[in-house]
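Undergrad: First, the structure itself, so that you have it in front of you.
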Amino acid sequence: MRGPADPAVLDRVKTWRPYVEAKLGFRNHWYPALFSEEMEEGRFQSVMLLGEKILLSRQAGRVYAVRDRCLHRGVAFSARPECFAEGTVTCWYHGWTYRLADGRLCGVATEPGCSLVEKIKLETYPVREVQGVLFVFVGDIDPPDLGLDVPPGFLDEDLFPLGISRLVNANWRMGCENGFDSTHIIIHKDSIVIAAMDAVVPLGFALTPNSKMQTVTSDGAPKGVVDDFRENYTPIFEARIRGEHAFTPVGATGHKVTIFRVSIWLPCALMVENHPEPDVTQYEWYVPVDEDRHLYFQFLGKRGAITADDRERYRRIFHDLYVPLTLHGFNDDDVWAREAMEKFYGDDTGWIEERLFEPDLSVVEWRKLASRHNRGIQPPARSS
Amino acid sequence: MRGPADPAVLDRVKTWRPYVEAKLGFRNHWYPALFSEEMEEGRFQSVMLLGEKILLSRQAGRVYAVRDRCLHRGVAFSARPECFAEGTVTCWYHGWTYRLADGRLCGVATEPGCSLVEKIKLETYPVREVQGVLFVFVGDIDPPDLGLDVPPGFLDEDLFPLGISRLVNANWRMGCENGFDSTHIIIHKDSIVIAAMDAVVPLGFALTPNSKMQTVTSDGAPKGVVDDFRENYTPIFEARIRGEHAFTPVGATGHKVTIFRVSIWLPCALMVENHPEPDVTQYEWYVPVDEDRHLYFQFLGKRGAITADDRERYRRIFHDLYVPLTLHGFNDDDVWAREAMEKFYGDDTGWIEERLFEPDLSVVEWRKLASRHNRGIQPPARSS
Amino acid sequence: MRGPADPAVLDRVKTWRPYVEAKLGFRNHWYPALFSEEMEEGRFQSVMLLGEKILLSRQAGRVYAVRDRCLHRGVAFSARPECFAEGTVTCWYHGWTYRLADGRLCGVATEPGCSLVEKIKLETYPVREVQGVLFVFVGDIDPPDLGLDVPPGFLDEDLFPLGISRLVNANWRMGCENGFDSTHIIIHKDSIVIAAMDAVVPLGFALTPNSKMQTVTSDGAPKGVVDDFRENYTPIFEARIRGEHAFTPVGATGHKVTIFRVSIWLPCALMVENHPEPDVTQYEWYVPVDEDRHLYFQFLGKRGAITADDRERYRRIFHDLYVPLTLHGFNDDDVWAREAMEKFYGDDTGWIEERLFEPDLSVVEWRKLASRHNRGIQPPARSS
């Protein structure tokens, strides 16, 4: 639901109030916005991040980002992008022309004598392009190192990540919590990937007596929560209800999928190690778009694919196998589950009416870490 | 419109304020929810009644009803119903499993050691199955006898009712008032049923000097208002405007449809006796779904169809003749008229801007009776 | 956005506050509602003007207008118009029948003895039919002369106007301001009319040192603002950014389009003289429908087309040339630009966040004139 979080709800959520407030995400962080290949030289693209409409353009190789709204009459440049001079954007409506590098008004095509030239400026957004991804910084402070805002290893030179993205009709926190919650595994019991890869997915995970989350908050490194499945859980391959056998999933005796650890990192990224195969790591971002949508980025990063040949071979596996079987065949159920939660949390009441159980420890630790270590709460959407 | 009734409107509606407050209907009553034949063994169905989303399931013949929302994360069971053990429903998301009979959490498929088992429970709803209909009680009190909440005769053993249902985009009170108001008869002047049944429908009904409504409020019986057309009205077969002949409907000299009485009963049911034929009675329910929709149940009950042959013969007449010609051919205009009223009353202003005339006596008596004898007002919709 | 203007915005808009308040337009003015040829004898049409739903009907040649809402139950007559006697409308729902001339209830088809007859009345609207247009007066005062509410010359006998109309998804003020603002001319740089008519449209207009708007506010005449392009501007045929040539539009050396003056008149009409050709004047109305839509009337008035032959010849040119090439080919971009502004102004924030520049002098003068000389502000929409 649009607007600020319900104050009556906030008053009753003590331990992770900032997280509940952050309907539009956390400010002063880096977020993936587009894949490099979506941004061609000389073209413009508009994205919405944390409720802000942002215009990106690649000019002479470099990508710039400015607020996608002319200062004059508030229209979006992206409605009909015009570029009369390299490194600038001209508003289609009255010819106001801005430098992309600093956002300054540098000319007005319809009125050469305009006194506002060089006096006013658009908001600009820092951009970094790395690993085939355009990251945008949404905030007011000097941007910290990008490496602080991605899961460990994502920027490593020997990691070769390929990915897809799509818009999901659920708040970004539904994405984080669905991804990091271990017991939602049951929704994947009928995934096509199971038969296709001769794998088996457990029905659930019983907590072990010594299970605990590892919270990573050291300075100068990404901040997150790590759930080590090898220590925290015993996988469950049979559902028992009232002491009696109730259900066993198909393939329960097959080859096991080996997941070592699942972790979640500020501002909104998940890492699943050794998935779907031992030398591959799945990275996901649930980027806040507005109050009820997020942009879902899914990457599968291959270690050690260094040569062009290695990469080409991995690219084929990625497109022919991983995209249909895991990024869709497996994760489509997650998309659907997040959207199913949206109604309950969308009007804020879910945060106080929910009833958590023991394995939600992982979710609880994430909420607490995010509440403490974020760099700011994005305020309710301005007219963007 | 969603949310509570406008307080400024309520303050100006003195005589039937509770009725105006009851946007979502009256609580602590029985309502028809589904036809028996819509609820197969082992299947699940979700319905919304009075703003509450309710899951029904038939297990070993009996039908149960629980709130269609898992206590854990608030998702609807019905989004992907799972049943691992007879008499239970398992939430597709994390395997929480509830007994349908009492709503208690009786197991968790993903975490056998969950400490909440047997400690927490879903809201349950009493169900009664009779005359081919599943009635659900929405309320907090011990449910009174179903017979108190249906029009007289509906549960009689020698009545054989058959029916259809559909969703109408208007508040439930638009249904009641359209149905019970005698002068809306003019909207049926072009109905196909008139030609088909060699009948005539009057243009209107002039009040007789001694016309009055009969209010039925004795204990231990349904409560309602009866409008006896034989005593209260003279049918009008010619419209005169400014003293001059203006309009005569087609077929005004044909065979007359004989309607003896029309009556309306708490919580929201109409009875039209001897319609469309002398030994048939039409029963209708306008069941509140949410603020701006109701579920329209239409039954035609045949008296004395006892044997299987009688019933089969009536079933053919019902499907081949009554459904197309009267339940649709005649009543589709009522559906349309209720939806046409919705804008005026939907933002509550209609209740104070309306201008009633003499024959609206029937509507007025119904509003007063409903205001006095309902068992509770359903509060504004919770996140359901 | 529906409802009254944001008070926090109004407090910060000092100079043209009434204009910002007038989301639904100015009350007590005449507005074009339909073309004469859209209103056949005996037929009914419903239009929405300034948030009020109005029923028009032509009876014995004359056109009447009443509020399109029955006093009884608030339904729209137009949902199924019934006419049992000339000069009246009968409500389809209960037969209430009103005289169109004075709005009085003059009979009830379903209840001949109704005591309300001749006692209650519908709101009526003055109508004038002239130049092939039906004008409706929306207000409470004695209507002033129609000639005070149309641009100069529109009612002249030697003017032969032909036109089209369409609904635009933007507030009416977006129409006025887009039309009267001189520098939006740049949006037309790729219009098909340019090649087709061997014309050239400048990129913009540089203000001359002595440029000023002429404000016309004398009694007994239309009130408006006149922008004389010959004195106020030097047309710009080349965009220069940072002192360097950036862009020249196609055809910049062709035959020039000659526009002498553009002017805007209360309540919401634009006049473009000598456009698209010297002996033709374009008149436009941006009639408020509701908060976020206006009815866009476009007329091209031919001077001196007196004989039937002249008129037939002009009619052919209008339909075959002007409608496709200018009213659509040129002005479709204006429609699109107004809709692009709607988001910024639609929640009222645009009025305080906008950043005007020198050539917006014309817009500023219009806002001030409209704020001072309107005859009333239409209040927030009633349930219509």
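Naming scheme: A, B, ... for chains in displayed order of the structure tokens; residues 1 onward per chain; ligands 1 onward as shown.
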May I have the residues of chain A within 8 Å of chain C, counting only C-alpha atoms, written as a list in words?

TA: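 Matching residues, ligands excluded from the count: Leu71, His72, Arg73, Gly74, Val75, Ala76, Ala79, Phe84, Ala85, Trp92, Tyr93, His94, Gly95, Thr97, Cys106, Gly107, Val108, Ala109, Thr110, Glu111, Pro112, Gly113, Cys114, Ser115, Leu116, Ser383 and Ser384 of chain A.
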
Undergrad: Selection from above, C-alpha atoms, as a PDB file, in the first residue's frame, can you write it?

TA:
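Contents of out-v5.pdb, as written:
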```
ATOM      1  CA  LEU A  71      12.721  20.599 -13.489  1.00  0.00           C
ATOM      2  CA  HIS A  72      10.468  22.837 -15.578  1.00  0.00           C
ATOM      3  CA  ARG A  73       7.116  21.061 -15.889  1.00  0.00           C
ATOM      4  CA  GLY A  74       7.853  17.726 -14.279  1.00  0.00           C
ATOM      5  CA  VAL A  75       7.525  15.501 -17.335  1.00  0.00           C
ATOM      6  CA  ALA A  76       9.647  12.370 -17.762  1.00  0.00           C
ATOM      7  CA  ALA A  79       8.601   9.573 -22.432  1.00  0.00           C
ATOM      8  CA  PHE A  84      20.957  17.060 -29.327  1.00  0.00           C
ATOM      9  CA  ALA A  85      24.551  16.944 -28.011  1.00  0.00           C
ATOM     10  CA  TRP A  92      11.140  16.871 -25.465  1.00  0.00           C
ATOM     11  CA  TYR A  93       8.650  19.420 -24.133  1.00  0.00           C
ATOM     12  CA  HIS A  94      10.450  22.779 -24.105  1.00  0.00           C
ATOM     13  CA  GLY A  95      14.007  21.891 -25.030  1.00  0.00           C
ATOM     14  CA  THR A  97      18.998  20.499 -21.918  1.00  0.00           C
ATOM     15  CA  CYS A 106      23.424  23.656 -19.924  1.00  0.00           C
ATOM     16  CA  GLY A 107      21.129  25.129 -22.566  1.00  0.00           C
ATOM     17  CA  VAL A 108      17.539  25.625 -23.657  1.00  0.00           C
ATOM     18  CA  ALA A 109      16.848  24.824 -27.303  1.00  0.00           C
ATOM     19  CA  THR A 110      13.694  26.954 -27.489  1.00  0.00           C
ATOM     20  CA  GLU A 111      14.999  30.066 -25.755  1.00  0.00           C
ATOM     21  CA  PRO A 112      18.734  30.733 -26.130  1.00  0.00           C
ATOM     22  CA  GLY A 113      18.680  33.566 -23.609  1.00  0.00           C
ATOM     23  CA  CYS A 114      17.279  31.596 -20.695  1.00  0.00           C
ATOM     24  CA  SER A 115      18.704  32.943 -17.454  1.00  0.00           C
ATOM     25  CA  LEU A 116      18.485  29.620 -15.627  1.00  0.00           C
ATOM     26  CA  SER A 383       5.732  12.448  -6.897  1.00  0.00           C
ATOM     27  CA  SER A 384       8.161  10.687  -9.164  1.00  0.00           C
TER      28      SER A 384
END
```

Undergrad: Could you pull out the alpha helix (DSSP H) residues of segment 179-288 of chain C from DSSP and send them as a PyMOL selection string?

TA: chain C and resi 179-180+192-196+229-232

Undergrad: Quick one: distance from atom CA of Glu273 of chain B to atom CA of Ala308 of chain B in Å, one decimal?

TA: 24.1 Å

Undergrad: Enumerate as a PyMOL selection string all residues of segment 62-270 of chain B assigned to strand (DSSP E or B) by DSSP on the backbone, naming them with the chain letters and numbers the document uses.

TA: chain B and resi 62-67+82+88-90+96-99+104-108+121+124+127-130+133-138+159-168+199-200+204-207+214-216+224-228+233-236+239-241+244-247+255-256+261-265+269-270

Undergrad: Taking 6 positions as the minimum chain separation for residues in the same chain, which residues sit within 8 Å of Val280 of chain B when counting only C-alpha atoms? Answer as a JSON list (two decimals) with N, CA, C and O atoms, in the first residue's frame.

TA:
```json
[["chain", "number", "residue", "atom", "x", "y", "z"],
["B", 273, "GLU", "N", -43.98, -15.63, -3.35],
["B", 273, "GLU", "CA", -44.85, -16.81, -3.38],
["B", 273, "GLU", "C", -45.59, -16.89, -4.72],
["B", 273, "GLU", "O", -45.92, -15.89, -5.33],
["B", 274, "ASN", "N", -45.81, -18.13, -5.15],
["B", 274, "ASN", "CA", -46.54, -18.38, -6.39],
["B", 274, "ASN", "C", -45.90, -17.71, -7.60],
["B", 274, "ASN", "O", -46.57, -17.11, -8.42],
["B", 300, "LEU", "N", -35.83, -21.74, -7.00],
["B", 300, "LEU", "CA", -37.26, -21.93, -7.24],
["B", 300, "LEU", "C", -37.62, -23.25, -6.57],
["B", 300, "LEU", "O", -37.08, -24.31, -6.93],
["B", 301, "GLY", "N", -38.48, -23.17, -5.57],
["B", 301, "GLY", "CA", -38.83, -24.35, -4.77],
["B", 301, "GLY", "C", -40.18, -24.90, -5.19],
["B", 301, "GLY", "O", -41.18, -24.18, -5.20],
["B", 302, "LYS", "N", -40.17, -26.16, -5.55],
["B", 302, "LYS", "CA", -41.40, -26.83, -6.00],
["B", 302, "LYS", "C", -41.99, -27.57, -4.81],
["B", 302, "LYS", "O", -41.32, -28.35, -4.14],
["B", 303, "ARG", "N", -43.27, -27.34, -4.57],
["B", 303, "ARG", "CA", -44.00, -28.05, -3.51],
["B", 303, "ARG", "C", -44.41, -29.43, -4.01],
["B", 303, "ARG", "O", -44.87, -29.55, -5.16]]
```

Undergrad: Figure out the distance between atom CA of Leu162 of chain C and atom CA of Ser191 of chain C, please, to one decimal in Å.

TA: 21.9 Å

Undergrad: Can you pull out every residue within 6 Å of segment 6-18 of chain C, counting only C-alpha atoms, but drop anything in the same chain fewer than 2 positions away, and send it as a list in words?

TA: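 Counting only the stated atoms, we get Val20, Glu21, Arg367, Lys368 and Ser371 of chain C.
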
Undergrad: Quick one: distance from atom CA of Val363 of chain C to atom CA of Cys176 of chain C in Å, one decimal?

TA: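 Those two atoms sit 8.6 Å apart.
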
Undergrad: I want to know what sits within 12 Å of segment 32-34 of chain C, based on only C-alpha atoms, with residues of the same chain fewer than 3 positions away left out; could you give that as a PyMOL selection string?

TA: chain C and resi 29+37-40+44-50+52-58+63+65+125-138+146+149-150+163-167+267-269+283-289+294-299
